[in-house]
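Below is one structure, written out as structure tokens; the observations come after it.
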Amino acid sequence: MKRLGTLDASWLAVESEDTPMHVGTLQIFSLPEGAPETFLRDMVTRMKEAGDIASPWGYKLAWSGFLGRLVAPYWVEDKKIDLDYHVRHSALPRPGGERELGILVSRLHSNPLDFSRPLWECHVIEGLENNRFALYTKMHHSMIDGISGVRLMQRVLTTDPDRRDMAPPWSVKPQRRRGSKTDKEATIPAAVSQAMDALKLQADMAPRLWQAGNRLVHSVRHPGDGLTAPFTGPVSILNHRVTPQRRFATQHYQLDRLKALAHASGGSLNDIVLYLCGTALRRFLVEQDQLPDIPLTAGIPVNIRPSDDEGTGTQISFMIASLATDEPDPLTRLQNIKTSTRRAKEHLQKLPRSALTQYTMMLMSPYILQLMSGLGGRMRPVFNVTISNVPGPQQTLYYEGARLEAMYPVSLIAHGGALNITCLSYAGSLNFGYTGCRDTLPSMQKLAVYTGEALEEIEDLILPPKPKTAGRRKKAATASK
């Protein structure tokens, strides 16, 4: 038995038919050279024949008491897990393009998970053009956050293209961190000791949390100091009620290209990501005559998980930054975003690491209460859009000799937040995943296109022009491929 933390349990509490709280990963592989026709069928068969199921793949929910589902959920091991149910083999009509893949993933991501089983599914999708296939895996947010989800999928992969007979993701056990406790150590004396430590921590952290709350209140009264507070964004078309059906779109950029912009502008990679998203959103809203007079705000998850932690659950904090969508000048827009993120980081860094979970709950409680009370999408949002940047593996990886070409995050949305943009780095690239409500945000796929055009625009403004000869050589090299 493993008890859920407060933040993990909150994702269960806000689950509804319209707002399933699962997240996913879409991995695109190229088949190994000389792969037989039965390569994928044989791979799926081996996946389903896996022996031991590692945590958290074998966990399913249980509740104790009359109000257990609300206040006391915990995980138990499913001793009879049905891999025929969890592992599924699908096919696109050949040759399947990115559009057909996006339609299928949108449909799969719209379907809720079965709460009577372990909360995950894995779909092997064949028929993708250029001799490729895809692996779409989804898992409930109460089990993983973005960082742990990437690490969960990464630990099964290898840098060796010749390795075969590899285990599926659900059979690879995480490496325990030094000093971590096993589930067997969850005795009553240990639980009492942990409770006393938690009470002492709450008492020690209360003054710091009070100061953090005061800084947010001060920023509302004095917006000129640059710190963006909750509930200061407008009510936009992104912030109404959502329906169950999702849309999913992707975009792919070379990481060096974005880092060059960050260096030239004196900002960070995250500043450039926020600029691209904010600029795309500004154009999207202008075209629909729906651009608010005050800037949209972004809720930005911040990882607080140690680098060697392969555990599960949610270990994130949050900061809020302006997207400067009210600013028509691109360079001023970028500068305003840089100022906002700098103040948000300074605000978060004033808190000790041990207080970040409590601060996250303080910051996110209004958002969670909106969803639980049915007020989500019916009042001013805590922030307008979620934008996150998740670091992924930087080496080229393989599974059964199949090369991992790209990896895209597929996230969740909720009432009051009809759009989520998550970026994931991999092998020198940054992959954008746009998850939106099919009905609330029609033509959402345009955002992916507008992000690319925003990138070209800011490059022209702040990077030195490329020599024409180099451009001609590059085009010639591309044409020769």
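Identifiers in this document derive from the order of the structure tokens: chains are assigned A, B, ..., residues are numbered from 1 separately in each chain, and ligands are numbered from 1 in order of occurrence.
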Give me the residues within 7 Å of range 21-37 of chain A as a ChimeraX atom specification, counting only C-alpha atoms and dropping any in the same chain fewer than 3 places off.
/A:11,15,131-141,401-412
Could you write those residues out with C-alpha atoms, as a CSV table (one decimal), in the first residue's frame?
```csv
chain,number,residue,atom,x,y,z
A,11,TRP,CA,-5.6,15.4,-9.8
A,15,GLU,CA,-11.2,14.3,-12.7
A,131,ASN,CA,9.0,3.5,-42.7
A,132,ARG,CA,8.2,4.7,-39.2
A,133,PHE,CA,5.9,3.8,-36.3
A,134,ALA,CA,4.7,5.6,-33.2
A,135,LEU,CA,4.3,4.8,-29.5
A,136,TYR,CA,1.7,6.8,-27.7
A,137,THR,CA,1.6,6.2,-23.9
A,138,LYS,CA,-0.7,7.9,-21.4
A,139,MET,CA,-0.8,7.8,-17.6
A,140,HIS,CA,-2.8,9.6,-15.0
A,141,HIS,CA,-1.3,12.8,-13.6
A,401,GLY,CA,17.1,-1.3,-33.0
A,402,ALA,CA,14.4,1.3,-34.0
A,403,ARG,CA,15.7,4.8,-33.8
A,404,LEU,CA,13.8,7.4,-31.7
A,405,GLU,CA,13.3,10.3,-34.1
A,406,ALA,CA,11.1,12.6,-32.0
A,407,MET,CA,9.3,12.7,-28.7
A,408,TYR,CA,6.3,15.0,-28.1
A,409,PRO,CA,4.4,15.7,-24.8
A,410,VAL,CA,0.6,15.3,-24.9
A,411,SER,CA,-0.8,17.1,-21.9
A,412,LEU,CA,-4.1,17.8,-20.1
```
Shell around Lys259 in chain A at 10 Å using only C-alpha atoms, local window under 6 positions removed, as a PyMOL selection string:
chain A and resi 265+267-270+272
Expected file: the selected residues, N, CA and C atoms, as a CSV table (one decimal), in the first residue's frame:
```csv
chain,number,residue,atom,x,y,z
A,265,SER,N,19.6,37.7,-27.2
A,265,SER,CA,18.7,38.6,-26.5
A,265,SER,C,19.0,38.8,-25.1
A,267,GLY,N,18.5,36.6,-22.8
A,267,GLY,CA,17.5,35.9,-22.0
A,267,GLY,C,17.8,34.4,-21.9
A,268,SER,N,16.8,33.7,-21.5
A,268,SER,CA,17.0,32.2,-21.3
A,268,SER,C,16.2,31.5,-22.4
A,269,LEU,N,16.5,30.2,-22.5
A,269,LEU,CA,15.7,29.4,-23.5
A,269,LEU,C,14.2,29.5,-23.2
A,270,ASN,N,13.9,29.4,-21.9
A,270,ASN,CA,12.4,29.5,-21.5
A,270,ASN,C,11.8,30.9,-21.9
A,272,ILE,N,12.6,32.5,-24.6
A,272,ILE,CA,12.3,32.4,-26.1
A,272,ILE,C,11.1,31.5,-26.3
```
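Taking range 59-104 of chain A and asking which residues DSSP calls strand (DSSP E) on the backbone, you get Tyr59, Lys60, Leu61, Ala62, Trp63, Pro73, Tyr74, Trp75, Val76, Glu77, Val87, Arg88, His89, Ser90, Ala91, Leu92, Pro93, Arg94, Pro95 and Gly96 of chain A.
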Could you pull the residues within 7 Å of Tyr59 in chain A, counting only C-alpha atoms, minus those fewer than 3 positions along the same chain, as a ChimeraX atom specification?
/A:55-56,75-78,118
Can you list, as a tab-separated table (two decimals) with C-alpha atoms, in the first residue's frame, every protein, DNA or RNA residue that comes within 8 Å of His240 in chain A when you count only C-alpha atoms, leaving out same-chain residues fewer than 3 positions away?
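Saved the output as out_12.tsv:
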```
chain	number	residue	atom	x	y	z
A	236	SER	CA	-10.02	35.20	-22.91
A	237	ILE	CA	-11.42	32.58	-25.29
A	376	GLY	CA	-13.69	26.65	-13.59
A	377	GLY	CA	-14.29	28.50	-16.86
A	378	ARG	CA	-16.99	30.63	-15.21
A	415	HIS	CA	-12.18	24.11	-17.38
A	416	GLY	CA	-10.82	27.63	-17.55
A	417	GLY	CA	-7.71	26.52	-19.42
A	418	ALA	CA	-8.49	25.18	-22.89
A	440	THR	CA	-13.47	25.75	-27.33
```
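Minimum atom-to-atom distance to Ile81 in chain A, evaluated using only C-alpha atoms, belongs to A:Arg117 out of A:Arg380, A:Arg247, A:Arg343, A:Arg117.
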Selection: 10 Å around Val150 in chain A, only C-alpha atoms, excl. self and same-chain fewer than 3 positions, as number ranges by chain
A: 24-25, 144-147, 153-155, 310, 390-393, 407, 409, 424
Residues from last step as file, C-alpha atoms, as a compact mmCIF listing (two decimals), in the first residue's frame:
```txt
# COMPACT_ATOMS: atom_id res chain seq x y z
CA GLY A 24 0.89 11.30 -22.48
CA THR A 25 4.02 10.96 -24.58
CA ILE A 144 3.51 11.08 -12.74
CA ASP A 145 4.41 14.65 -13.62
CA GLY A 146 6.16 15.76 -16.81
CA ILE A 147 9.69 15.07 -15.57
CA MET A 153 9.86 6.26 -20.76
CA GLN A 154 13.56 7.02 -21.13
CA ARG A 155 14.88 4.35 -18.81
CA GLU A 310 13.33 8.13 -10.79
CA VAL A 390 10.60 19.58 -19.92
CA PRO A 391 14.25 18.54 -20.33
CA GLY A 392 14.60 15.21 -22.09
CA PRO A 393 17.45 12.93 -23.18
CA MET A 407 9.30 12.70 -28.72
CA PRO A 409 4.42 15.65 -24.85
CA LEU A 424 10.31 18.48 -24.62
```
Got a sec: who's within 12 Å of Arg342 in chain A, counting only C-alpha atoms, leaving out chain neighbours fewer than 5 positions off, as a PyMOL selection string?
chain A and resi 225-228+266-268+270-271+319-322+335-337+347-349
Once you have the residues from the selection above, write them out as a compact mmCIF listing (two decimals), in the first residue's frame, restricted to N, CA and C atoms.
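For reference, again.txt as written:
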```
# COMPACT_ATOMS: atom_id res chain seq x y z
N ASP A 225 5.89 46.55 -10.53
CA ASP A 225 7.14 45.94 -10.06
C ASP A 225 7.53 44.71 -10.87
N GLY A 226 6.67 44.29 -11.82
CA GLY A 226 7.05 43.22 -12.74
C GLY A 226 6.67 41.82 -12.31
N LEU A 227 6.27 41.62 -11.05
CA LEU A 227 5.87 40.28 -10.60
C LEU A 227 4.41 40.04 -10.98
N THR A 228 4.17 38.97 -11.73
CA THR A 228 2.81 38.65 -12.18
C THR A 228 2.12 37.77 -11.15
N GLY A 266 20.00 38.08 -24.55
CA GLY A 266 20.32 38.19 -23.14
C GLY A 266 19.29 37.53 -22.24
N GLY A 267 18.52 36.62 -22.80
CA GLY A 267 17.49 35.91 -22.02
C GLY A 267 17.82 34.44 -21.88
N SER A 268 16.82 33.66 -21.51
CA SER A 268 16.98 32.22 -21.35
C SER A 268 16.21 31.49 -22.44
N ASN A 270 13.85 29.44 -21.89
CA ASN A 270 12.44 29.52 -21.52
C ASN A 270 11.82 30.86 -21.94
N ASP A 271 12.62 31.93 -21.89
CA ASP A 271 12.11 33.23 -22.36
C ASP A 271 11.74 33.16 -23.83
N MET A 319 5.33 28.96 -11.33
CA MET A 319 5.48 30.40 -11.35
C MET A 319 4.58 30.95 -12.45
N ILE A 320 4.23 32.21 -12.34
CA ILE A 320 3.32 32.86 -13.30
C ILE A 320 4.06 34.01 -13.95
N ALA A 321 3.96 34.10 -15.27
CA ALA A 321 4.65 35.15 -16.01
C ALA A 321 3.72 35.75 -17.06
N SER A 322 4.01 36.98 -17.44
CA SER A 322 3.25 37.65 -18.49
C SER A 322 3.74 37.20 -19.86
N GLN A 335 11.22 41.79 -24.33
CA GLN A 335 11.79 42.41 -23.14
C GLN A 335 10.83 42.32 -21.95
N ASN A 336 9.55 42.55 -22.19
CA ASN A 336 8.57 42.45 -21.10
C ASN A 336 8.47 41.04 -20.55
N ILE A 337 8.56 40.04 -21.41
CA ILE A 337 8.54 38.65 -20.97
C ILE A 337 9.77 38.35 -20.13
N HIS A 347 11.20 35.63 -7.07
CA HIS A 347 10.15 35.36 -6.08
C HIS A 347 10.24 33.91 -5.59
N LEU A 348 10.39 32.97 -6.53
CA LEU A 348 10.42 31.55 -6.18
C LEU A 348 11.71 31.20 -5.43
N GLN A 349 12.82 31.82 -5.81
CA GLN A 349 14.11 31.50 -5.20
C GLN A 349 14.22 31.99 -3.77
```
Considering only alpha helix (DSSP H) as DSSP defines it on the backbone, what residues of range 238-289 of chain A qualify? List them as JSON, numbers by chain.
{"A": [255, 256, 257, 258, 259, 260, 261, 262, 263, 264, 265, 269, 270, 271, 272, 273, 274, 275, 276, 277, 278, 279, 280, 281, 282, 283, 284, 285, 286, 287]}
Quote the spacing between CA of Val449 in chain A and CA of Leu285 in chain A in Å to one decimal place.
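The value is 14.1 Å.
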Please measure the separation of CA of Glu129 in chain A and CA of Pro95 in chain A, giving the value in Å to one decimal.
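Distance between the two atoms: 4.8 Å.
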Can you work out which one of A:Leu430, A:Tyr450, A:Leu258, A:Leu238 has the shortest atom-to-atom distance to Leu291 in chain A, counting only C-alpha atoms?
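Answer, going by the shortest atom-to-atom distance: A:Leu238.
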For Cys277 in chain A, which residue among A:Asp293, A:Glu453, A:Asp8, A:Glu100 is the nearest when counting only C-alpha atoms?
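Closest residue, counting only C-alpha atoms: A:Glu453.
Distance check against Val286 in chain A using only C-alpha atoms: of A:Asp82, A:Glu49, A:Glu459, A:Asp326, the minimum falls on A:Asp326.
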